[in-house]
file coords.txt (compact mmCIF, N, CA and C atoms)
# COMPACT_ATOMS: atom_id res chain seq x y z
N MET A 181 0.84 -1.17 0.00
CA MET A 181 0.00 0.00 0.00
C MET A 181 0.88 1.23 0.00
N HIS A 182 0.61 2.15 -0.89
CA HIS A 182 1.41 3.36 -1.02
C HIS A 182 1.29 4.21 0.24
N GLY A 183 2.42 4.63 0.78
CA GLY A 183 2.43 5.49 1.95
C GLY A 183 2.33 4.76 3.28
N ALA A 184 2.23 3.46 3.25
CA ALA A 184 2.14 2.70 4.50
C ALA A 184 3.53 2.30 4.97
N ASP A 185 3.73 2.34 6.26
CA ASP A 185 4.96 1.83 6.86
C ASP A 185 4.68 0.41 7.34
N LEU A 186 5.38 -0.55 6.77
CA LEU A 186 5.17 -1.94 7.15
C LEU A 186 6.13 -2.32 8.26
N LYS A 187 5.63 -3.11 9.19
CA LYS A 187 6.42 -3.54 10.33
C LYS A 187 6.20 -5.03 10.52
N THR A 188 7.25 -5.75 10.84
CA THR A 188 7.12 -7.18 11.12
C THR A 188 7.42 -7.41 12.60
N TYR A 189 6.94 -8.53 13.10
CA TYR A 189 7.07 -8.86 14.51
C TYR A 189 7.60 -10.27 14.68
N ASP A 190 8.35 -10.48 15.75
CA ASP A 190 8.83 -11.81 16.08
C ASP A 190 7.79 -12.62 16.84
N ALA A 191 6.83 -11.92 17.45
CA ALA A 191 5.82 -12.60 18.25
C ALA A 191 4.47 -11.89 18.11
N VAL A 192 3.41 -12.65 18.13
CA VAL A 192 2.06 -12.10 18.03
C VAL A 192 1.77 -11.15 19.19
N THR A 193 2.31 -11.46 20.35
CA THR A 193 2.08 -10.60 21.52
C THR A 193 2.62 -9.20 21.30
N GLN A 194 3.72 -9.08 20.57
CA GLN A 194 4.26 -7.75 20.24
C GLN A 194 3.32 -7.02 19.29
N LEU A 195 2.82 -7.73 18.30
CA LEU A 195 1.89 -7.15 17.33
C LEU A 195 0.63 -6.64 18.02
N THR A 196 0.00 -7.50 18.84
CA THR A 196 -1.24 -7.09 19.49
C THR A 196 -1.02 -5.99 20.52
N ALA A 197 0.14 -5.96 21.17
CA ALA A 197 0.45 -4.87 22.11
C ALA A 197 0.56 -3.54 21.37
N ASP A 198 1.22 -3.54 20.22
CA ASP A 198 1.34 -2.31 19.43
C ASP A 198 -0.02 -1.87 18.90
N LEU A 199 -0.85 -2.80 18.50
CA LEU A 199 -2.18 -2.45 18.02
C LEU A 199 -3.02 -1.86 19.15
N ALA A 200 -3.02 -2.53 20.29
CA ALA A 200 -3.82 -2.08 21.44
C ALA A 200 -3.38 -0.70 21.94
N SER A 201 -2.08 -0.43 21.86
CA SER A 201 -1.56 0.84 22.37
C SER A 201 -1.66 1.98 21.35
N GLY A 202 -2.04 1.65 20.12
CA GLY A 202 -2.16 2.68 19.09
C GLY A 202 -0.87 2.96 18.34
N ARG A 203 0.18 2.17 18.57
CA ARG A 203 1.45 2.38 17.84
C ARG A 203 1.34 1.97 16.38
N ILE A 204 0.36 1.11 16.07
CA ILE A 204 0.05 0.77 14.68
C ILE A 204 -1.47 0.87 14.50
N ASP A 205 -1.89 1.06 13.27
CA ASP A 205 -3.32 1.25 12.98
C ASP A 205 -4.05 -0.03 12.58
N ALA A 206 -3.33 -0.97 12.03
CA ALA A 206 -3.94 -2.21 11.56
C ALA A 206 -2.88 -3.30 11.59
N ALA A 207 -3.34 -4.54 11.58
CA ALA A 207 -2.41 -5.66 11.61
C ALA A 207 -2.99 -6.84 10.85
N PHE A 208 -2.11 -7.71 10.40
CA PHE A 208 -2.49 -8.89 9.64
C PHE A 208 -1.93 -10.11 10.36
N ALA A 209 -2.80 -11.05 10.68
CA ALA A 209 -2.38 -12.31 11.31
C ALA A 209 -3.45 -13.35 11.03
N ASP A 210 -3.20 -14.57 11.49
CA ASP A 210 -4.18 -15.64 11.25
C ASP A 210 -5.42 -15.44 12.12
N SER A 211 -6.49 -16.05 11.68
CA SER A 211 -7.79 -15.88 12.33
C SER A 211 -7.80 -16.30 13.80
N PRO A 212 -7.20 -17.45 14.17
CA PRO A 212 -7.20 -17.80 15.60
C PRO A 212 -6.52 -16.75 16.48
N THR A 213 -5.50 -16.09 15.96
CA THR A 213 -4.85 -15.01 16.71
C THR A 213 -5.86 -13.93 17.05
N TRP A 214 -6.66 -13.55 16.05
CA TRP A 214 -7.64 -12.48 16.28
C TRP A 214 -8.76 -12.91 17.19
N MET A 215 -9.19 -14.16 17.08
CA MET A 215 -10.25 -14.63 17.97
C MET A 215 -9.79 -14.54 19.43
N ASP A 216 -8.55 -14.91 19.69
CA ASP A 216 -8.00 -14.81 21.04
C ASP A 216 -7.88 -13.36 21.48
N PHE A 217 -7.38 -12.49 20.60
CA PHE A 217 -7.19 -11.08 20.93
C PHE A 217 -8.53 -10.39 21.19
N PHE A 218 -9.52 -10.63 20.37
CA PHE A 218 -10.84 -9.98 20.55
C PHE A 218 -11.51 -10.39 21.86
N ALA A 219 -11.13 -11.53 22.39
CA ALA A 219 -11.71 -12.00 23.65
C ALA A 219 -11.07 -11.34 24.88
N THR A 220 -10.05 -10.50 24.66
CA THR A 220 -9.38 -9.81 25.77
C THR A 220 -9.90 -8.38 25.89
N PRO A 221 -9.69 -7.75 27.05
CA PRO A 221 -10.07 -6.33 27.17
C PRO A 221 -9.38 -5.44 26.13
N ASP A 222 -8.10 -5.72 25.81
CA ASP A 222 -7.39 -4.93 24.80
C ASP A 222 -8.03 -5.07 23.42
N GLY A 223 -8.64 -6.19 23.13
CA GLY A 223 -9.24 -6.42 21.81
C GLY A 223 -10.67 -5.96 21.68
N ALA A 224 -11.26 -5.49 22.78
CA ALA A 224 -12.68 -5.13 22.77
C ALA A 224 -13.03 -4.00 21.80
N ASN A 225 -12.11 -3.11 21.51
CA ASN A 225 -12.40 -1.96 20.64
C ASN A 225 -11.99 -2.18 19.19
N PHE A 226 -11.68 -3.41 18.85
CA PHE A 226 -11.24 -3.73 17.49
C PHE A 226 -12.21 -4.69 16.83
N THR A 227 -12.14 -4.74 15.52
CA THR A 227 -12.99 -5.67 14.78
C THR A 227 -12.17 -6.37 13.71
N ARG A 228 -12.65 -7.49 13.31
CA ARG A 228 -12.01 -8.29 12.27
C ARG A 228 -12.58 -7.89 10.92
N ILE A 229 -11.72 -7.73 9.96
CA ILE A 229 -12.14 -7.54 8.57
C ILE A 229 -12.08 -8.93 7.94
N ASP A 230 -13.20 -9.40 7.42
CA ASP A 230 -13.27 -10.75 6.90
C ASP A 230 -12.55 -10.84 5.57
N LEU A 231 -11.33 -11.33 5.61
CA LEU A 231 -10.50 -11.51 4.43
C LEU A 231 -9.83 -12.87 4.56
N LYS A 232 -10.12 -13.76 3.64
CA LYS A 232 -9.51 -15.08 3.70
C LYS A 232 -8.45 -15.21 2.63
N ILE A 233 -7.24 -15.49 3.07
CA ILE A 233 -6.14 -15.80 2.18
C ILE A 233 -5.69 -17.19 2.57
N MET A 234 -5.90 -18.13 1.70
CA MET A 234 -5.58 -19.52 1.98
C MET A 234 -4.22 -19.85 1.38
N ALA A 235 -3.53 -20.80 1.98
CA ALA A 235 -2.22 -21.21 1.47
C ALA A 235 -2.29 -21.58 -0.01
N MET A 236 -3.42 -22.18 -0.42
CA MET A 236 -3.53 -22.61 -1.81
C MET A 236 -3.62 -21.42 -2.77
N ASP A 237 -3.90 -20.19 -2.24
CA ASP A 237 -3.95 -19.01 -3.09
C ASP A 237 -2.57 -18.63 -3.60
N ASP A 238 -1.54 -18.86 -2.80
CA ASP A 238 -0.17 -18.54 -3.19
C ASP A 238 0.79 -19.42 -2.41
N PRO A 239 0.88 -20.70 -2.77
CA PRO A 239 1.69 -21.62 -1.97
C PRO A 239 3.18 -21.26 -1.92
N ASP A 240 3.70 -20.54 -2.91
CA ASP A 240 5.11 -20.16 -2.87
C ASP A 240 5.39 -19.21 -1.70
N VAL A 241 4.43 -18.37 -1.37
CA VAL A 241 4.59 -17.42 -0.28
C VAL A 241 4.01 -17.95 1.02
N LEU A 242 2.86 -18.58 0.95
CA LEU A 242 2.12 -18.97 2.14
C LEU A 242 2.29 -20.42 2.56
N GLY A 243 3.02 -21.19 1.79
CA GLY A 243 3.16 -22.61 2.10
C GLY A 243 2.01 -23.41 1.54
N HIS A 244 1.91 -24.63 1.96
CA HIS A 244 0.90 -25.53 1.41
C HIS A 244 -0.12 -25.96 2.46
N GLY A 245 -0.28 -25.20 3.51
CA GLY A 245 -1.26 -25.54 4.54
C GLY A 245 -0.69 -26.53 5.53
N MET A 246 -1.56 -27.23 6.20
CA MET A 246 -1.13 -28.20 7.20
C MET A 246 -0.81 -29.52 6.53
N GLY A 247 -0.14 -30.37 7.26
CA GLY A 247 0.23 -31.65 6.67
C GLY A 247 0.18 -32.77 7.69
N VAL A 248 0.37 -33.96 7.21
CA VAL A 248 0.44 -35.15 8.03
C VAL A 248 1.81 -35.76 7.80
N GLY A 249 2.54 -36.02 8.87
CA GLY A 249 3.87 -36.62 8.74
C GLY A 249 3.78 -38.13 8.67
N MET A 250 4.50 -38.71 7.73
CA MET A 250 4.56 -40.16 7.63
C MET A 250 5.86 -40.56 6.94
N ARG A 251 6.22 -41.79 7.12
CA ARG A 251 7.48 -42.29 6.54
C ARG A 251 7.45 -42.17 5.01
N LYS A 252 8.56 -41.70 4.44
CA LYS A 252 8.67 -41.59 2.99
C LYS A 252 8.46 -42.95 2.34
N GLY A 253 7.81 -42.94 1.21
CA GLY A 253 7.61 -44.17 0.45
C GLY A 253 6.44 -45.03 0.89
N ASN A 254 5.75 -44.64 1.96
CA ASN A 254 4.62 -45.43 2.43
C ASN A 254 3.37 -44.98 1.67
N THR A 255 3.30 -45.34 0.41
CA THR A 255 2.20 -44.90 -0.45
C THR A 255 0.87 -45.50 -0.04
N GLU A 256 0.91 -46.71 0.54
CA GLU A 256 -0.34 -47.33 0.98
C GLU A 256 -0.97 -46.50 2.11
N LEU A 257 -0.18 -46.08 3.08
CA LEU A 257 -0.70 -45.26 4.18
C LEU A 257 -1.14 -43.90 3.66
N LYS A 258 -0.35 -43.29 2.76
CA LYS A 258 -0.72 -41.98 2.21
C LYS A 258 -2.06 -42.05 1.49
N THR A 259 -2.27 -43.10 0.72
CA THR A 259 -3.53 -43.29 0.01
C THR A 259 -4.70 -43.39 0.99
N LYS A 260 -4.50 -44.15 2.07
CA LYS A 260 -5.56 -44.31 3.08
C LYS A 260 -5.84 -42.98 3.80
N VAL A 261 -4.78 -42.24 4.17
CA VAL A 261 -4.97 -40.96 4.86
C VAL A 261 -5.65 -39.96 3.93
N ASP A 262 -5.20 -39.89 2.67
CA ASP A 262 -5.83 -38.98 1.70
C ASP A 262 -7.32 -39.30 1.54
N ALA A 263 -7.65 -40.58 1.44
CA ALA A 263 -9.05 -40.99 1.27
C ALA A 263 -9.88 -40.63 2.50
N ALA A 264 -9.33 -40.85 3.69
CA ALA A 264 -10.05 -40.52 4.92
C ALA A 264 -10.26 -39.01 5.03
N LEU A 265 -9.24 -38.23 4.73
CA LEU A 265 -9.38 -36.77 4.78
C LEU A 265 -10.40 -36.28 3.76
N CYS A 266 -10.35 -36.81 2.55
CA CYS A 266 -11.32 -36.41 1.52
C CYS A 266 -12.75 -36.74 1.96
N LYS A 267 -12.93 -37.90 2.56
CA LYS A 267 -14.27 -38.27 3.05
C LYS A 267 -14.72 -37.28 4.12
N MET A 268 -13.83 -36.94 5.04
CA MET A 268 -14.17 -36.01 6.12
C MET A 268 -14.42 -34.60 5.58
N ILE A 269 -13.69 -34.19 4.56
CA ILE A 269 -13.92 -32.88 3.93
C ILE A 269 -15.27 -32.89 3.23
N ASN A 270 -15.53 -33.93 2.44
CA ASN A 270 -16.76 -33.99 1.65
C ASN A 270 -18.02 -34.15 2.49
N ASP A 271 -17.91 -34.81 3.65
CA ASP A 271 -19.11 -34.96 4.48
C ASP A 271 -19.25 -33.85 5.52
N GLY A 272 -18.35 -32.87 5.48
CA GLY A 272 -18.48 -31.70 6.35
C GLY A 272 -17.87 -31.84 7.73
N LYS A 273 -17.24 -32.96 8.04
CA LYS A 273 -16.65 -33.17 9.37
C LYS A 273 -15.47 -32.23 9.63
N VAL A 274 -14.66 -31.96 8.62
CA VAL A 274 -13.53 -31.05 8.81
C VAL A 274 -14.04 -29.64 9.06
N LYS A 275 -15.04 -29.22 8.30
CA LYS A 275 -15.62 -27.89 8.53
C LYS A 275 -16.23 -27.80 9.93
N GLU A 276 -16.93 -28.83 10.33
CA GLU A 276 -17.55 -28.84 11.66
C GLU A 276 -16.49 -28.69 12.76
N ALA A 277 -15.40 -29.42 12.66
CA ALA A 277 -14.33 -29.33 13.65
C ALA A 277 -13.66 -27.96 13.60
N SER A 278 -13.44 -27.46 12.40
CA SER A 278 -12.83 -26.15 12.23
C SER A 278 -13.68 -25.05 12.86
N MET A 279 -14.97 -25.10 12.63
CA MET A 279 -15.87 -24.10 13.22
C MET A 279 -15.91 -24.23 14.74
N HIS A 280 -15.89 -25.45 15.23
CA HIS A 280 -15.92 -25.67 16.68
C HIS A 280 -14.67 -25.11 17.36
N TRP A 281 -13.50 -25.43 16.82
CA TRP A 281 -12.26 -25.09 17.48
C TRP A 281 -11.74 -23.70 17.11
N PHE A 282 -12.03 -23.22 15.91
CA PHE A 282 -11.44 -21.95 15.45
C PHE A 282 -12.47 -20.89 15.07
N GLN A 283 -13.76 -21.21 15.14
CA GLN A 283 -14.84 -20.31 14.77
C GLN A 283 -14.70 -19.79 13.34
N ASP A 284 -14.09 -20.59 12.49
CA ASP A 284 -13.94 -20.26 11.08
C ASP A 284 -13.71 -21.56 10.31
N ASP A 285 -13.99 -21.53 9.02
CA ASP A 285 -13.85 -22.72 8.18
C ASP A 285 -12.50 -22.70 7.47
N TYR A 286 -11.61 -23.60 7.87
CA TYR A 286 -10.28 -23.69 7.24
C TYR A 286 -10.18 -24.88 6.29
N THR A 287 -11.32 -25.38 5.86
CA THR A 287 -11.33 -26.53 4.97
C THR A 287 -10.68 -26.17 3.63
N ILE A 288 -9.78 -27.03 3.20
CA ILE A 288 -9.17 -26.92 1.88
C ILE A 288 -9.80 -27.99 1.01
N PRO A 289 -10.30 -27.64 -0.18
CA PRO A 289 -10.95 -28.64 -1.02
C PRO A 289 -10.06 -29.85 -1.28
N CYS A 290 -10.70 -30.99 -1.37
CA CYS A 290 -10.03 -32.23 -1.65
C CYS A 290 -9.44 -32.21 -3.06
N LYS A 291 -8.26 -32.78 -3.26
CA LYS A 291 -7.63 -32.78 -4.58
C LYS A 291 -8.22 -33.80 -5.53
N LYS A 292 -9.07 -34.69 -5.03
CA LYS A 292 -9.64 -35.74 -5.89
C LYS A 292 -10.91 -35.29 -6.51
call {"tool": "encode", "arguments": {"input": "coords.txt", "output": "structure tokens"}}
result
Amino acid sequence: MHGADLKTYDAVTQLTADLASGRIDAAFADSPTWMDFFATPDGANFTRIDLKIMAMDDPDVLGHGMGVGMRKGNTELKTKVDAALCKMINDGKVKEASMHWFQDDYTIPCKK
């Protein structure tokens, strides 16, 4: 943004402290960070702007989302895990868990 001074932080607590104290006007972080901040007295006077940027929008910059660790070459297990995750995504279980724990839908569409 033209004319904006960008600042980075080593910790979310530094970012939210600067926001709460008025040292910065706006901040960008993940949704769970904001849900926690808004639940505090310091966050009471702030609001969330609903903007979703998913890892799949720009994986070179944002990564590829969450993952499951497993031994290399175990294609049988990978196939089973992929199938189970796709089933859970397609039947809404991942969205349900995401809404329960994070109050937002972090479901990434199944690749199949």
call {"tool": "atom_distance", "arguments": {"input": "coords.txt", "atom1": "atom CA of A:Leu265", "atom2": "atom CA of A:Cys290"}}
result
7.9 Å
call {"tool": "closest_residue", "arguments": {"input": "coords.txt", "among": "A:Leu186, A:Ala197, A:Ile204, A:Ala263", "to": "A:Gly223", "atoms": "only C-alpha atoms"}}
result
A:Ala197
call {"tool": "atom_distance", "arguments": {"input": "coords.txt", "atom1": "atom N of A:Ala191", "atom2": "atom N of A:Val248"}}
result
25.1 Å
call {"tool": "residues_around", "arguments": {"input": "coords.txt", "residues": "A:Ser278", "least_positions_apart": "3", "cutoff": "12 Å", "atoms": "only C-alpha atoms", "output": "PDB file with N, CA and C atoms, in the frame of the given file"}}
result
ATOM      1  N   SER A 211      -6.490 -16.050  11.680  1.00  0.00           N
ATOM      2  CA  SER A 211      -7.790 -15.880  12.330  1.00  0.00           C
ATOM      3  C   SER A 211      -7.800 -16.300  13.800  1.00  0.00           C
ATOM      4  N   PRO A 212      -7.200 -17.450  14.170  1.00  0.00           N
ATOM      5  CA  PRO A 212      -7.200 -17.800  15.600  1.00  0.00           C
ATOM      6  C   PRO A 212      -6.520 -16.750  16.480  1.00  0.00           C
ATOM      7  N   MET A 268     -13.830 -36.940   5.040  1.00  0.00           N
ATOM      8  CA  MET A 268     -14.170 -36.010   6.120  1.00  0.00           C
ATOM      9  C   MET A 268     -14.420 -34.600   5.580  1.00  0.00           C
ATOM     10  N   ILE A 269     -13.690 -34.190   4.560  1.00  0.00           N
ATOM     11  CA  ILE A 269     -13.920 -32.880   3.930  1.00  0.00           C
ATOM     12  C   ILE A 269     -15.270 -32.890   3.230  1.00  0.00           C
ATOM     13  N   GLY A 272     -18.350 -32.870   5.480  1.00  0.00           N
ATOM     14  CA  GLY A 272     -18.480 -31.700   6.350  1.00  0.00           C
ATOM     15  C   GLY A 272     -17.870 -31.840   7.730  1.00  0.00           C
ATOM     16  N   LYS A 273     -17.240 -32.960   8.040  1.00  0.00           N
ATOM     17  CA  LYS A 273     -16.650 -33.170   9.370  1.00  0.00           C
ATOM     18  C   LYS A 273     -15.470 -32.230   9.630  1.00  0.00           C
ATOM     19  N   VAL A 274     -14.660 -31.960   8.620  1.00  0.00           N
ATOM     20  CA  VAL A 274     -13.530 -31.050   8.810  1.00  0.00           C
ATOM     21  C   VAL A 274     -14.040 -29.640   9.060  1.00  0.00           C
ATOM     22  N   LYS A 275     -15.040 -29.220   8.300  1.00  0.00           N
ATOM     23  CA  LYS A 275     -15.620 -27.890   8.530  1.00  0.00           C
ATOM     24  C   LYS A 275     -16.230 -27.800   9.930  1.00  0.00           C
ATOM     25  N   TRP A 281     -13.500 -25.430  16.820  1.00  0.00           N
ATOM     26  CA  TRP A 281     -12.260 -25.090  17.480  1.00  0.00           C
ATOM     27  C   TRP A 281     -11.740 -23.700  17.110  1.00  0.00           C
ATOM     28  N   PHE A 282     -12.030 -23.220  15.910  1.00  0.00           N
ATOM     29  CA  PHE A 282     -11.440 -21.950  15.450  1.00  0.00           C
ATOM     30  C   PHE A 282     -12.470 -20.890  15.070  1.00  0.00           C
ATOM     31  N   GLN A 283     -13.760 -21.210  15.140  1.00  0.00           N
ATOM     32  CA  GLN A 283     -14.840 -20.310  14.770  1.00  0.00           C
ATOM     33  C   GLN A 283     -14.700 -19.790  13.340  1.00  0.00           C
ATOM     34  N   ASP A 284     -14.090 -20.590  12.490  1.00  0.00           N
ATOM     35  CA  ASP A 284     -13.940 -20.260  11.080  1.00  0.00           C
ATOM     36  C   ASP A 284     -13.710 -21.560  10.310  1.00  0.00           C
ATOM     37  N   ASP A 285     -13.990 -21.530   9.020  1.00  0.00           N
ATOM     38  CA  ASP A 285     -13.850 -22.720   8.180  1.00  0.00           C
ATOM     39  C   ASP A 285     -12.500 -22.700   7.470  1.00  0.00           C
ATOM     40  N   TYR A 286     -11.610 -23.600   7.870  1.00  0.00           N
ATOM     41  CA  TYR A 286     -10.280 -23.690   7.240  1.00  0.00           C
ATOM     42  C   TYR A 286     -10.180 -24.880   6.290  1.00  0.00           C
ATOM     43  N   THR A 287     -11.320 -25.380   5.860  1.00  0.00           N
ATOM     44  CA  THR A 287     -11.330 -26.530   4.970  1.00  0.00           C
ATOM     45  C   THR A 287     -10.680 -26.170   3.630  1.00  0.00           C
ATOM     46  N   ILE A 288      -9.780 -27.030   3.200  1.00  0.00           N
ATOM     47  CA  ILE A 288      -9.170 -26.920   1.880  1.00  0.00           C
ATOM     48  C   ILE A 288      -9.800 -27.990   1.010  1.00  0.00           C
TER      49      ILE A 288
END
call {"tool": "closest_residue", "arguments": {"input": "coords.txt", "among": "A:Glu256, A:Arg251, A:Asn270, A:Phe218", "to": "A:Ala200", "atoms": "only C-alpha atoms"}}
result
A:Phe218
call {"tool": "atom_distance", "arguments": {"input": "coords.txt", "atom1": "atom CA of A:Lys291", "atom2": "atom CA of A:Asp210"}}
result
23.6 Å
call {"tool": "select_by_dssp", "arguments": {"input": "coords.txt", "residues": "chain A", "states": "alpha helix (DSSP H)", "output": "number ranges by chain"}}
result
A: 192-201, 211-218, 239-242, 255-270, 273-282
call {"tool": "closest_residue", "arguments": {"input": "coords.txt", "among": "A:Leu199, A:Glu276, A:Ala207, A:Asp190", "to": "A:Asp222", "atoms": "all atoms listed in the file"}}
result
A:Leu199
